[in-house]
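Engineer: Data file final.txt (compact mmCIF, C-alpha atoms and all ligand atoms) is appended below.
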```
# COMPACT_ATOMS: atom_id res chain seq x y z
CA MET U 7 36.75 6.45 31.53
CA GLN U 8 35.18 5.39 28.23
CA GLN U 9 31.39 5.12 28.49
CA ILE U 10 29.87 1.65 28.82
CA TYR U 11 26.75 1.53 26.64
CA ASP U 12 23.72 -0.48 27.72
CA LEU U 13 23.37 -1.52 24.12
CA VAL U 14 25.53 -1.22 21.03
CA ILE U 15 23.84 -2.05 17.73
CA ILE U 16 25.90 -3.04 14.72
CA GLY U 17 24.21 -2.08 11.43
CA GLY U 18 21.82 0.75 10.70
CA GLY U 19 19.25 -1.07 8.55
CA PRO U 20 15.67 -1.90 9.61
CA GLY U 21 16.89 -4.39 12.26
CA GLY U 22 19.36 -1.91 13.75
CA ILE U 23 17.00 1.07 13.62
CA GLY U 24 14.22 -1.06 15.09
CA ALA U 25 16.48 -2.09 17.97
CA ALA U 26 17.61 1.47 18.67
CA VAL U 27 14.05 2.82 18.68
CA GLU U 28 12.56 0.02 20.79
CA ALA U 29 15.47 0.25 23.27
CA LYS U 30 14.78 3.95 23.72
CA VAL U 31 11.02 3.46 24.03
CA LEU U 32 11.37 0.60 26.51
CA GLY U 33 13.80 2.53 28.71
CA LEU U 34 17.40 1.60 27.97
CA LYS U 35 19.46 4.77 28.49
CA HIS U 36 22.79 4.56 26.72
CA ILE U 37 22.46 3.26 23.18
CA MET U 38 24.82 3.49 20.22
CA MET U 39 24.10 2.44 16.63
CA ILE U 40 27.14 1.86 14.40
CA GLU U 41 26.77 1.85 10.61
CA LYS U 42 29.51 1.35 8.04
CA GLY U 43 27.82 3.44 5.35
CA ASP U 44 27.54 7.22 5.34
CA ASN U 45 23.82 6.96 6.20
CA HIS U 46 21.39 4.39 7.58
CA SER U 47 19.69 1.66 5.50
CA GLN U 48 22.40 0.92 2.94
CA THR U 49 20.53 -2.11 1.54
CA ILE U 50 17.45 -0.01 0.81
CA ARG U 51 19.52 2.85 -0.63
CA LYS U 52 21.74 0.69 -2.85
CA PHE U 53 19.56 -2.21 -3.92
CA TYR U 54 16.03 -0.73 -4.16
CA LYS U 55 15.36 1.12 -7.37
CA ASP U 56 14.03 4.68 -7.06
CA ASN U 57 10.27 4.80 -6.38
CA LYS U 58 10.25 1.07 -5.70
CA ARG U 59 7.07 -0.12 -4.03
CA VAL U 60 7.92 -1.38 -0.52
CA ASP U 61 5.54 -4.07 0.74
CA LYS U 62 5.11 -4.64 4.46
CA ASN U 63 4.04 -8.23 3.84
CA TYR U 64 7.02 -8.84 1.58
CA LYS U 65 6.90 -11.99 -0.56
CA GLY U 66 3.42 -12.66 0.79
CA GLN U 67 4.62 -13.13 4.39
CA GLU U 68 1.84 -11.76 6.63
CA ILE U 69 3.58 -10.12 9.58
CA GLU U 70 1.91 -8.46 12.54
CA LEU U 71 4.21 -5.85 14.00
CA GLN U 72 4.79 -6.34 17.72
CA GLY U 73 6.72 -3.26 18.81
CA SER U 74 6.08 0.46 18.69
CA ILE U 75 7.11 1.05 15.07
CA ASP U 76 4.24 1.66 12.69
CA PHE U 77 5.88 0.55 9.44
CA ARG U 78 3.47 0.41 6.47
CA ASP U 79 3.45 -0.20 2.72
CA GLY U 80 5.11 2.66 0.87
CA THR U 81 7.97 3.41 -1.46
CA LYS U 82 11.75 3.38 -1.12
CA GLU U 83 11.65 7.13 -0.44
CA SER U 84 8.77 7.11 2.08
CA THR U 85 10.42 4.21 3.95
CA LEU U 86 13.75 6.07 4.20
CA ASN U 87 11.93 9.23 5.31
CA TYR U 88 10.06 7.26 7.96
CA PHE U 89 13.30 5.77 9.29
CA ASP U 90 14.90 9.26 9.29
CA SER U 91 12.03 10.55 11.41
CA LEU U 92 12.30 7.61 13.85
CA LEU U 93 16.01 8.23 14.38
CA ASP U 94 15.47 11.98 14.78
CA ARG U 95 12.57 11.60 17.20
CA GLY U 96 14.37 8.96 19.25
CA GLU U 97 17.54 11.12 19.35
CA ILE U 98 19.53 7.97 18.71
CA ASP U 99 23.31 8.26 19.10
CA SER U 100 24.92 6.90 15.97
CA ALA U 101 28.31 6.57 14.32
CA PHE U 102 28.43 6.48 10.51
CA ASN U 103 31.29 5.51 8.19
CA ALA U 104 32.40 3.15 10.95
CA GLU U 105 32.70 -0.51 10.03
CA VAL U 106 32.72 -2.92 12.94
CA GLU U 107 35.69 -5.25 12.66
CA SER U 108 35.36 -7.37 15.78
CA ILE U 109 33.39 -7.91 18.97
CA VAL U 110 35.04 -9.55 21.97
CA LYS U 111 33.58 -10.28 25.41
CA GLU U 112 36.08 -9.71 28.21
CA ASP U 113 35.49 -9.48 31.94
CA GLY U 114 31.71 -9.51 31.45
CA GLU U 115 31.56 -6.66 28.91
CA PHE U 116 31.83 -6.34 25.15
CA ARG U 117 34.64 -4.49 23.36
CA ILE U 118 33.63 -3.42 19.88
CA VAL U 119 36.36 -2.38 17.48
CA THR U 120 35.45 -0.27 14.43
CA THR U 121 37.53 1.30 11.68
CA LYS U 122 37.17 4.58 13.62
CA ALA U 123 36.93 3.97 17.34
CA GLY U 124 36.34 1.43 20.09
CA TYR U 125 33.18 1.02 22.19
CA ARG U 126 32.27 -0.84 25.38
CA ALA U 127 28.84 -2.34 25.94
CA LYS U 128 26.76 -4.57 28.20
CA HIS U 129 24.75 -5.97 25.28
CA VAL U 130 25.31 -6.11 21.54
CA ILE U 131 22.88 -6.68 18.67
CA VAL U 132 24.40 -7.61 15.31
CA ALA U 133 22.03 -6.54 12.52
CA ILE U 134 24.37 -6.37 9.54
CA GLY U 135 22.12 -8.02 6.94
CA THR U 136 23.46 -10.12 4.08
CA MET U 137 23.61 -7.66 1.20
CA GLY U 138 27.10 -6.40 2.06
CA LYS U 139 28.19 -9.46 0.12
CA PRO U 140 25.82 -10.10 -2.80
CA ASN U 141 25.80 -13.66 -4.16
CA LYS U 142 27.97 -14.26 -7.20
CA PRO U 143 27.68 -17.00 -9.82
CA ASP U 144 29.99 -20.06 -9.81
CA TYR U 145 31.60 -19.31 -13.20
CA THR U 146 34.37 -16.72 -13.49
CA LEU U 147 33.44 -13.11 -14.23
CA PRO U 148 36.20 -11.46 -16.33
CA LEU U 149 37.80 -8.62 -14.36
CA SER U 150 37.92 -6.53 -17.54
CA LEU U 151 34.08 -6.43 -17.44
CA LYS U 152 33.92 -5.13 -13.87
CA GLU U 153 32.15 -1.93 -14.93
CA ARG U 154 29.58 -3.86 -17.00
CA ILE U 155 28.71 -6.66 -14.59
CA ASN U 156 26.85 -5.31 -11.57
CA PHE U 157 25.00 -6.45 -8.45
CA ASN U 158 22.85 -3.35 -8.00
CA LEU U 159 21.55 -0.50 -10.17
CA ASP U 160 24.21 2.12 -9.42
CA LYS U 161 25.83 2.00 -12.86
CA CYS U 162 22.69 1.63 -15.03
CA SER U 163 21.87 4.30 -17.56
CA GLN U 164 19.41 4.31 -20.50
CA ASN U 165 19.03 2.67 -23.90
CA GLU U 166 21.27 -0.25 -22.96
CA LYS U 167 20.81 -3.88 -23.86
CA LEU U 168 20.59 -5.46 -20.41
CA LEU U 169 20.48 -8.96 -19.01
CA ILE U 170 19.04 -9.32 -15.49
CA VAL U 171 19.78 -12.64 -13.81
CA GLY U 172 17.57 -14.00 -11.02
CA GLY U 173 14.08 -15.28 -10.28
CA GLY U 174 13.05 -13.43 -7.12
CA ASN U 175 11.08 -10.25 -6.55
CA SER U 176 14.20 -8.08 -6.76
CA ALA U 177 15.17 -9.42 -10.20
CA VAL U 178 11.64 -9.00 -11.54
CA GLU U 179 11.27 -5.49 -10.14
CA TYR U 180 14.63 -4.50 -11.64
CA ALA U 181 13.59 -5.96 -15.01
CA ILE U 182 10.21 -4.22 -15.13
CA GLU U 183 11.57 -0.84 -14.10
CA LEU U 184 14.65 -0.93 -16.35
CA SER U 185 12.59 -2.04 -19.35
CA LYS U 186 10.94 1.39 -19.36
CA THR U 187 14.21 2.93 -20.56
CA ASN U 188 16.28 -0.04 -21.77
CA ASN U 189 16.04 -3.24 -23.74
CA VAL U 190 15.84 -5.97 -21.09
CA THR U 191 16.06 -9.76 -20.96
CA LEU U 192 15.36 -11.50 -17.65
CA ASN U 193 17.12 -14.85 -17.28
CA TYR U 194 16.06 -17.37 -14.63
CA ARG U 195 17.41 -20.90 -14.47
CA ARG U 196 14.00 -22.42 -13.61
CA ASP U 197 11.00 -22.76 -15.95
CA THR U 198 8.59 -20.82 -13.75
CA PHE U 199 8.70 -18.19 -11.04
CA SER U 200 7.77 -19.69 -7.68
CA ARG U 201 8.83 -16.98 -5.23
CA LEU U 202 7.09 -13.89 -6.62
CA ASN U 203 4.38 -11.91 -4.93
CA GLU U 204 1.10 -11.65 -6.86
CA ILE U 205 1.70 -8.11 -8.10
CA ASN U 206 5.10 -8.93 -9.57
CA LEU U 207 3.79 -12.14 -11.11
CA GLU U 208 1.00 -10.23 -12.84
CA LEU U 209 3.33 -7.43 -13.95
CA ILE U 210 5.94 -9.75 -15.43
CA GLN U 211 3.26 -11.61 -17.40
CA GLU U 212 1.91 -8.30 -18.67
CA TYR U 213 5.36 -6.95 -19.64
CA ASN U 214 6.78 -10.19 -21.07
CA GLY U 215 6.95 -10.15 -24.85
CA GLN U 216 6.44 -6.41 -25.10
CA GLU U 217 9.02 -4.64 -27.16
CA LYS U 218 11.45 -4.01 -24.32
CA LEU U 219 11.20 -7.01 -22.01
CA ARG U 220 11.53 -10.70 -22.68
CA LEU U 221 12.06 -13.74 -20.50
CA ARG U 222 14.63 -16.48 -20.92
CA LEU U 223 13.43 -19.11 -18.47
CA GLY U 224 14.69 -22.63 -17.79
CA MET U 225 18.15 -21.68 -18.98
CA ASP U 226 21.48 -21.44 -17.19
CA ILE U 227 24.44 -19.28 -18.04
CA VAL U 228 27.54 -21.42 -18.54
CA SER U 229 30.16 -18.71 -19.01
CA ILE U 230 30.76 -15.02 -19.61
CA GLU U 231 33.38 -13.58 -21.97
CA ASN U 232 34.61 -10.15 -22.95
CA GLU U 233 33.68 -9.45 -26.58
CA ASN U 234 35.14 -6.10 -27.66
CA GLY U 235 34.41 -4.61 -24.24
CA LEU U 236 30.83 -5.93 -24.12
CA VAL U 237 29.45 -8.91 -22.20
CA LYS U 238 29.13 -12.13 -24.20
CA VAL U 239 26.81 -14.50 -22.32
CA ASN U 240 26.96 -18.19 -23.24
CA PHE U 241 23.72 -20.00 -22.35
CA SER U 242 23.23 -23.69 -21.63
CA ASP U 243 21.27 -24.20 -24.90
CA GLY U 244 24.48 -23.50 -26.85
CA TYR U 245 23.46 -20.00 -27.99
CA TYR U 246 25.07 -16.74 -26.91
CA THR U 247 23.98 -13.09 -26.78
CA ILE U 248 26.03 -9.93 -26.35
CA TYR U 249 24.81 -7.38 -23.80
CA ASP U 250 25.90 -3.90 -22.78
CA ARG U 251 25.41 -4.83 -19.14
CA VAL U 252 24.54 -7.80 -16.92
CA ILE U 253 22.96 -7.34 -13.50
CA TYR U 254 22.83 -10.21 -11.02
CA ALA U 255 19.97 -10.06 -8.49
CA ILE U 256 20.52 -13.39 -6.78
CA GLY U 257 20.46 -12.45 -3.11
CA GLY U 258 23.13 -12.09 -0.48
CA THR U 259 25.45 -14.25 1.58
CA THR U 260 25.85 -14.64 5.32
CA PRO U 261 29.12 -12.86 6.25
CA VAL U 262 30.58 -15.95 7.91
CA ASP U 263 34.13 -14.62 8.38
CA PHE U 264 32.89 -11.64 10.33
CA LEU U 265 30.61 -13.81 12.48
CA ARG U 266 33.41 -16.27 13.24
CA LYS U 267 35.70 -13.41 14.22
CA CYS U 268 33.05 -12.31 16.72
CA GLY U 269 32.97 -15.82 18.23
CA ILE U 270 29.51 -16.61 16.81
CA THR U 271 29.15 -20.33 16.11
CA LEU U 272 27.80 -21.60 12.77
CA ASP U 273 25.70 -24.69 12.02
CA ASN U 274 26.45 -27.25 9.27
CA ASP U 275 24.81 -24.99 6.65
CA GLY U 276 27.10 -22.11 7.61
CA LYS U 277 24.22 -20.25 9.30
CA PRO U 278 24.77 -18.57 12.67
CA GLU U 279 23.45 -20.36 15.77
CA PHE U 280 21.14 -18.58 18.23
CA ASP U 281 18.28 -19.45 20.56
CA GLU U 282 14.57 -18.53 20.59
CA ASN U 283 15.49 -15.05 21.87
CA PHE U 284 18.02 -14.55 19.05
CA GLU U 285 20.83 -14.76 21.64
CA THR U 286 24.03 -16.46 20.46
CA LYS U 287 26.07 -18.81 22.63
CA THR U 288 27.78 -15.68 23.99
CA LYS U 289 25.36 -14.29 26.56
CA GLY U 290 24.31 -10.74 25.73
CA LEU U 291 25.25 -11.02 22.05
CA TYR U 292 22.20 -11.13 19.74
CA LEU U 293 21.47 -11.38 16.01
CA ALA U 294 18.58 -9.54 14.31
CA GLY U 295 17.13 -9.16 10.82
CA ASP U 296 18.26 -10.92 7.64
CA ILE U 297 21.28 -12.39 9.38
CA ALA U 298 18.93 -14.28 11.70
CA VAL U 299 16.61 -15.83 9.08
CA LYS U 300 17.32 -18.96 7.07
CA SER U 301 15.91 -17.32 3.93
CA GLY U 302 13.42 -14.62 2.97
CA GLY U 303 13.83 -11.82 5.50
CA SER U 304 11.83 -8.60 5.40
CA ILE U 305 11.69 -5.20 7.04
CA ALA U 306 8.77 -6.21 9.26
CA ILE U 307 10.55 -9.42 10.33
CA ALA U 308 13.68 -7.42 11.22
CA LEU U 309 11.60 -4.95 13.26
CA ASN U 310 9.95 -7.80 15.19
CA HIS U 311 13.34 -9.40 15.93
CA ALA U 312 14.51 -6.06 17.32
CA TYR U 313 11.48 -5.70 19.59
CA HIS U 314 11.79 -9.27 20.85
CA ILE U 315 15.51 -8.91 21.63
CA VAL U 316 15.18 -5.60 23.47
CA SER U 317 12.29 -7.03 25.54
CA HIS U 318 14.48 -10.03 26.38
CA ILE U 319 17.42 -7.81 27.41
CA LEU U 320 15.13 -5.87 29.75
CA LYS U 321 13.66 -9.06 31.24
CA SER U 322 17.06 -10.59 31.87
CA ASN U 323 18.54 -7.42 33.46
C1 LIG S 401 16.05 -5.41 -4.05
C2 LIG S 401 15.38 -5.74 -2.73
C3 LIG S 401 14.05 -5.44 -2.55
C4 LIG S 401 13.40 -5.68 -1.32
N1 LIG S 401 12.09 -5.30 -1.14
C5 LIG S 401 11.51 -5.44 0.11
C6 LIG S 401 10.17 -4.99 0.37
O1 LIG S 401 9.45 -4.48 -0.51
N2 LIG S 401 9.66 -5.16 1.63
C7 LIG S 401 10.38 -5.74 2.65
O2 LIG S 401 9.87 -5.85 3.77
N3 LIG S 401 11.64 -6.19 2.41
C8 LIG S 401 12.23 -6.05 1.19
N4 LIG S 401 13.50 -6.50 0.98
C9 LIG S 401 14.21 -7.17 2.10
C10 LIG S 401 14.67 -6.15 3.15
O3 LIG S 401 15.39 -5.09 2.50
C11 LIG S 401 15.56 -6.81 4.18
O4 LIG S 401 14.89 -7.93 4.71
C12 LIG S 401 15.91 -5.82 5.30
O5 LIG S 401 16.60 -4.70 4.77
C13 LIG S 401 16.76 -6.50 6.36
O6 LIG S 401 17.15 -5.58 7.33
P1 LIG S 401 18.50 -5.79 8.17
O7 LIG S 401 18.55 -4.65 9.14
O8 LIG S 401 18.56 -7.16 8.67
O9 LIG S 401 19.70 -5.68 7.13
P2 LIG S 401 20.10 -4.56 6.07
O10 LIG S 401 18.92 -3.78 5.63
O11 LIG S 401 20.91 -5.27 5.05
O12 LIG S 401 21.01 -3.55 6.91
C14 LIG S 401 22.28 -3.92 7.38
C15 LIG S 401 23.08 -2.65 7.63
O13 LIG S 401 24.29 -3.03 8.30
C16 LIG S 401 25.38 -2.32 7.75
N5 LIG S 401 26.59 -3.12 8.01
C17 LIG S 401 26.95 -4.30 7.42
N6 LIG S 401 28.12 -4.73 7.94
C18 LIG S 401 28.49 -3.82 8.87
C19 LIG S 401 29.61 -3.72 9.76
N7 LIG S 401 30.57 -4.65 9.81
N8 LIG S 401 29.70 -2.62 10.56
C20 LIG S 401 28.73 -1.68 10.55
N9 LIG S 401 27.65 -1.72 9.75
C21 LIG S 401 27.53 -2.79 8.92
C22 LIG S 401 25.02 -2.21 6.27
O14 LIG S 401 25.73 -1.13 5.67
C23 LIG S 401 23.50 -1.97 6.33
O15 LIG S 401 23.15 -0.59 6.38
C24 LIG S 401 14.14 -6.28 -0.25
C25 LIG S 401 15.49 -6.62 -0.44
C26 LIG S 401 16.12 -6.35 -1.67
C27 LIG S 401 17.58 -6.69 -1.82
```
Re-express the file's structure as structure tokens.
Ligand SMILES: Cc1cc2nc3c(=O)[nH]c(=O)nc-3n(C[C@H](O)[C@H](O)[C@H](O)COP(=O)(O)OP(=O)(O)OC[C@H]3O[C@@H](n4cnc5c(N)ncnc54)[C@H](O)[C@@H]3O)c2cc1C
Structural biologist:
Amino acid sequence: MQQIYDLVIIGGGPGGIGAAVEAKVLGLKHIMMIEKGDNHSQTIRKFYKDNKRVDKNYKGQEIELQGSIDFRDGTKESTLNYFDSLLDRGEIDSAFNAEVESIVKEDGEFRIVTTKAGYRAKHVIVAIGTMGKPNKPDYTLPLSLKERINFNLDKCSQNEKLLIVGGGNSAVEYAIELSKTNNVTLNYRRDTFSRLNEINLELIQEYNGQEKLRLRLGMDIVSIENENGLVKVNFSDGYYTIYDRVIYAIGGTTPVDFLRKCGITLDNDGKPEFDENFETKTKGLYLAGDIAVKSGGSIAIALNHAYHIVSHILKSN
């Protein structure tokens, strides 16, 4: 008979890894972590630039870690290495390249269907983040510019004329780093940055106006056109500029279709509903990490969710 796991975790980012490690430490026996990418932490791998500084108190949110994971300030690489070591030490069972398609509760247990196999579980934690579906602007992006309009840094090279769009820490960090090897403009629709941590605020002021980085604040983009294979950006002041590449860093979206398919109810803002223990209306089905915050998640917040949920599962057993 197919094994019934005590806990199946969907998503191998900080929330999922945190849940797997805490579950092991606190004594759950049969645990499975399912990740759609070919390795854990796809958001960190795909959206953090190389050598990016990783702050524990991200965006100035002071978080005291509650569980057994000793996550600290570091870099993209040291954070991934630390998570590797946690998974190795915990001997966590995991399935990679397996995207979860649905979760159904039947006869008191969960059936989890992935693109590869099916699993049965007593409890499920959904920790799929929001970056699987990066936010896109309202205006149309010409399909012919698909290679030149990006939502992460995968396609960036050097000596390009780049426009970065966004006003959060990610956009600013992209702009600063890319300006070392490219000619960069950072466009934000507001006049000032209000969501930056102190370091990024200082850095952007220091870099702004230097040869390779300039700011275009208080300005919207009204449309994008293909101009001889390059990206023509029409701004709300009536002017346009042609760029080699445009990178949007404007956050991610809650994957509502997936959540609905799993029977998770949504509130009027389209955010998933759960109680103070992160349990949804389906008993035994929990949400952790970015998917369970209204805005502004972080690694430390995801780790604390994971610890809280596993403690709750053990208490209610
Ligand atoms: C550019 C950038 C910089 C940031 N810098 C910092 C920082 O310095 N410090 C900090 O604390 N936070 C930072 N953050 C925020 C932090 O990365 C997130 O808060 C954190 O990764 C959330 O963890 P999570 O586990 O909820 O989701 P994620 O990290 O998004 O992980 C979700 C995982 O689930 C997988 N998945 C999705 N759907 C499925 C499915 N259907 N089936 C199976 N697997 C699935 C994904 O592939 C992914 O690996 C940054 C975010 C960005 C975008």
Engineer: Measuring between all atoms listed in the file, which one of U:Ile170, U:Val299, U:Val106, U:Val178 shows the shortest distance to ligand LIG 401 (chain S)?
Structural biologist: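 Between U:Ile170, U:Val299, U:Val106, U:Val178, the residue approaching ligand LIG 401 (chain S) most closely is U:Val106.
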Engineer: Taking 4 positions as the minimum chain separation for residues in the same chain, which residues sit within 7 Å of U:Ile109 when counting all atoms listed in the file? Answer as a PyMOL selection string.
Structural biologist: chain U and resi 116-119+268
Engineer: Need the shell around U:Gln48: protein/DNA/RNA residues with any atom at most 9 Å away, counting only C-alpha atoms. Skip same-chain ones fewer than 6 positions apart. Format as number ranges by chain?
Structural biologist: U: 18-19, 41-42, 137-138
Engineer: Around the point (8.0, -7.1, 10.1) in the file's coordinates, collect all residues with an atom within 7 Å, using only C-alpha atoms, and return them as a list in words.
Structural biologist: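 These residues have at least one counted atom within 7 Å: Lys62, Ile69, Glu70, Leu71, Ser304, Ile305, Ala306, Ile307, Ala308, Leu309 and Asn310 of chain U.
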Engineer: Please extract the residues at most 7 Å from ligand LIG 401 (chain S), counting all atoms listed in the file, and provide them as a CSV table (one decimal) with C-alpha atoms, in the coordinates of the input, using the chain letters and residue numbers of this document.
Structural biologist:
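File written: part01.csv
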```
chain,number,residue,atom,x,y,z
U,16,ILE,CA,25.9,-3.0,14.7
U,17,GLY,CA,24.2,-2.1,11.4
U,18,GLY,CA,21.8,0.8,10.7
U,19,GLY,CA,19.2,-1.1,8.6
U,20,PRO,CA,15.7,-1.9,9.6
U,21,GLY,CA,16.9,-4.4,12.3
U,22,GLY,CA,19.4,-1.9,13.8
U,40,ILE,CA,27.1,1.9,14.4
U,41,GLU,CA,26.8,1.8,10.6
U,42,LYS,CA,29.5,1.4,8.0
U,43,GLY,CA,27.8,3.4,5.4
U,46,HIS,CA,21.4,4.4,7.6
U,47,SER,CA,19.7,1.7,5.5
U,48,GLN,CA,22.4,0.9,2.9
U,49,THR,CA,20.5,-2.1,1.5
U,50,ILE,CA,17.4,0.0,0.8
U,53,PHE,CA,19.6,-2.2,-3.9
U,54,TYR,CA,16.0,-0.7,-4.2
U,59,ARG,CA,7.1,-0.1,-4.0
U,60,VAL,CA,7.9,-1.4,-0.5
U,61,ASP,CA,5.5,-4.1,0.7
U,62,LYS,CA,5.1,-4.6,4.5
U,63,ASN,CA,4.0,-8.2,3.8
U,64,TYR,CA,7.0,-8.8,1.6
U,104,ALA,CA,32.4,3.2,11.0
U,105,GLU,CA,32.7,-0.5,10.0
U,106,VAL,CA,32.7,-2.9,12.9
U,107,GLU,CA,35.7,-5.2,12.7
U,133,ALA,CA,22.0,-6.5,12.5
U,134,ILE,CA,24.4,-6.4,9.5
U,135,GLY,CA,22.1,-8.0,6.9
U,136,THR,CA,23.5,-10.1,4.1
U,137,MET,CA,23.6,-7.7,1.2
U,138,GLY,CA,27.1,-6.4,2.1
U,175,ASN,CA,11.1,-10.2,-6.6
U,176,SER,CA,14.2,-8.1,-6.8
U,257,GLY,CA,20.5,-12.4,-3.1
U,294,ALA,CA,18.6,-9.5,14.3
U,295,GLY,CA,17.1,-9.2,10.8
U,296,ASP,CA,18.3,-10.9,7.6
U,297,ILE,CA,21.3,-12.4,9.4
U,303,GLY,CA,13.8,-11.8,5.5
U,304,SER,CA,11.8,-8.6,5.4
U,305,ILE,CA,11.7,-5.2,7.0
U,306,ALA,CA,8.8,-6.2,9.3
U,308,ALA,CA,13.7,-7.4,11.2
```
Engineer: My structure is short of atoms at stretch 88-99 of chain U; please model N, CA and C atoms there, returning them as a PDB file, in the coordinates of the input.
Structural biologist:
```
ATOM      1  N   TYR U  88      10.632   7.726   6.688  1.00  0.00           N
ATOM      2  CA  TYR U  88      10.060   7.260   7.960  1.00  0.00           C
ATOM      3  C   TYR U  88      11.191   6.874   8.938  1.00  0.00           C
ATOM      4  N   PHE U  89      12.192   6.157   8.418  1.00  0.00           N
ATOM      5  CA  PHE U  89      13.300   5.770   9.290  1.00  0.00           C
ATOM      6  C   PHE U  89      14.095   7.001   9.758  1.00  0.00           C
ATOM      7  N   ASP U  90      14.254   7.991   8.873  1.00  0.00           N
ATOM      8  CA  ASP U  90      14.900   9.260   9.290  1.00  0.00           C
ATOM      9  C   ASP U  90      14.153   9.840  10.494  1.00  0.00           C
ATOM     10  N   SER U  91      12.815   9.897  10.363  1.00  0.00           N
ATOM     11  CA  SER U  91      12.030  10.550  11.410  1.00  0.00           C
ATOM     12  C   SER U  91      12.112   9.749  12.723  1.00  0.00           C
ATOM     13  N   LEU U  92      12.177   8.417  12.616  1.00  0.00           N
ATOM     14  CA  LEU U  92      12.300   7.610  13.850  1.00  0.00           C
ATOM     15  C   LEU U  92      13.614   7.900  14.554  1.00  0.00           C
ATOM     16  N   LEU U  93      14.689   7.987  13.770  1.00  0.00           N
ATOM     17  CA  LEU U  93      16.010   8.230  14.380  1.00  0.00           C
ATOM     18  C   LEU U  93      16.074   9.630  14.971  1.00  0.00           C
ATOM     19  N   ASP U  94      15.470  10.603  14.269  1.00  0.00           N
ATOM     20  CA  ASP U  94      15.470  11.980  14.780  1.00  0.00           C
ATOM     21  C   ASP U  94      14.666  12.067  16.081  1.00  0.00           C
ATOM     22  N   ARG U  95      13.454  11.518  16.034  1.00  0.00           N
ATOM     23  CA  ARG U  95      12.570  11.600  17.200  1.00  0.00           C
ATOM     24  C   ARG U  95      13.179  10.897  18.411  1.00  0.00           C
ATOM     25  N   GLY U  96      13.804   9.742  18.148  1.00  0.00           N
ATOM     26  CA  GLY U  96      14.370   8.960  19.250  1.00  0.00           C
ATOM     27  C   GLY U  96      15.695   9.529  19.740  1.00  0.00           C
ATOM     28  N   GLU U  97      16.212  10.536  19.029  1.00  0.00           N
ATOM     29  CA  GLU U  97      17.540  11.120  19.350  1.00  0.00           C
ATOM     30  C   GLU U  97      18.559  10.002  19.583  1.00  0.00           C
ATOM     31  N   ILE U  98      18.656   9.133  18.591  1.00  0.00           N
ATOM     32  CA  ILE U  98      19.530   7.970  18.710  1.00  0.00           C
ATOM     33  C   ILE U  98      20.975   8.377  18.414  1.00  0.00           C
ATOM     34  N   ASP U  99      21.870   8.027  19.324  1.00  0.00           N
ATOM     35  CA  ASP U  99      23.310   8.260  19.100  1.00  0.00           C
ATOM     36  C   ASP U  99      23.773   7.310  18.016  1.00  0.00           C
TER      37      ASP U  99
END
```
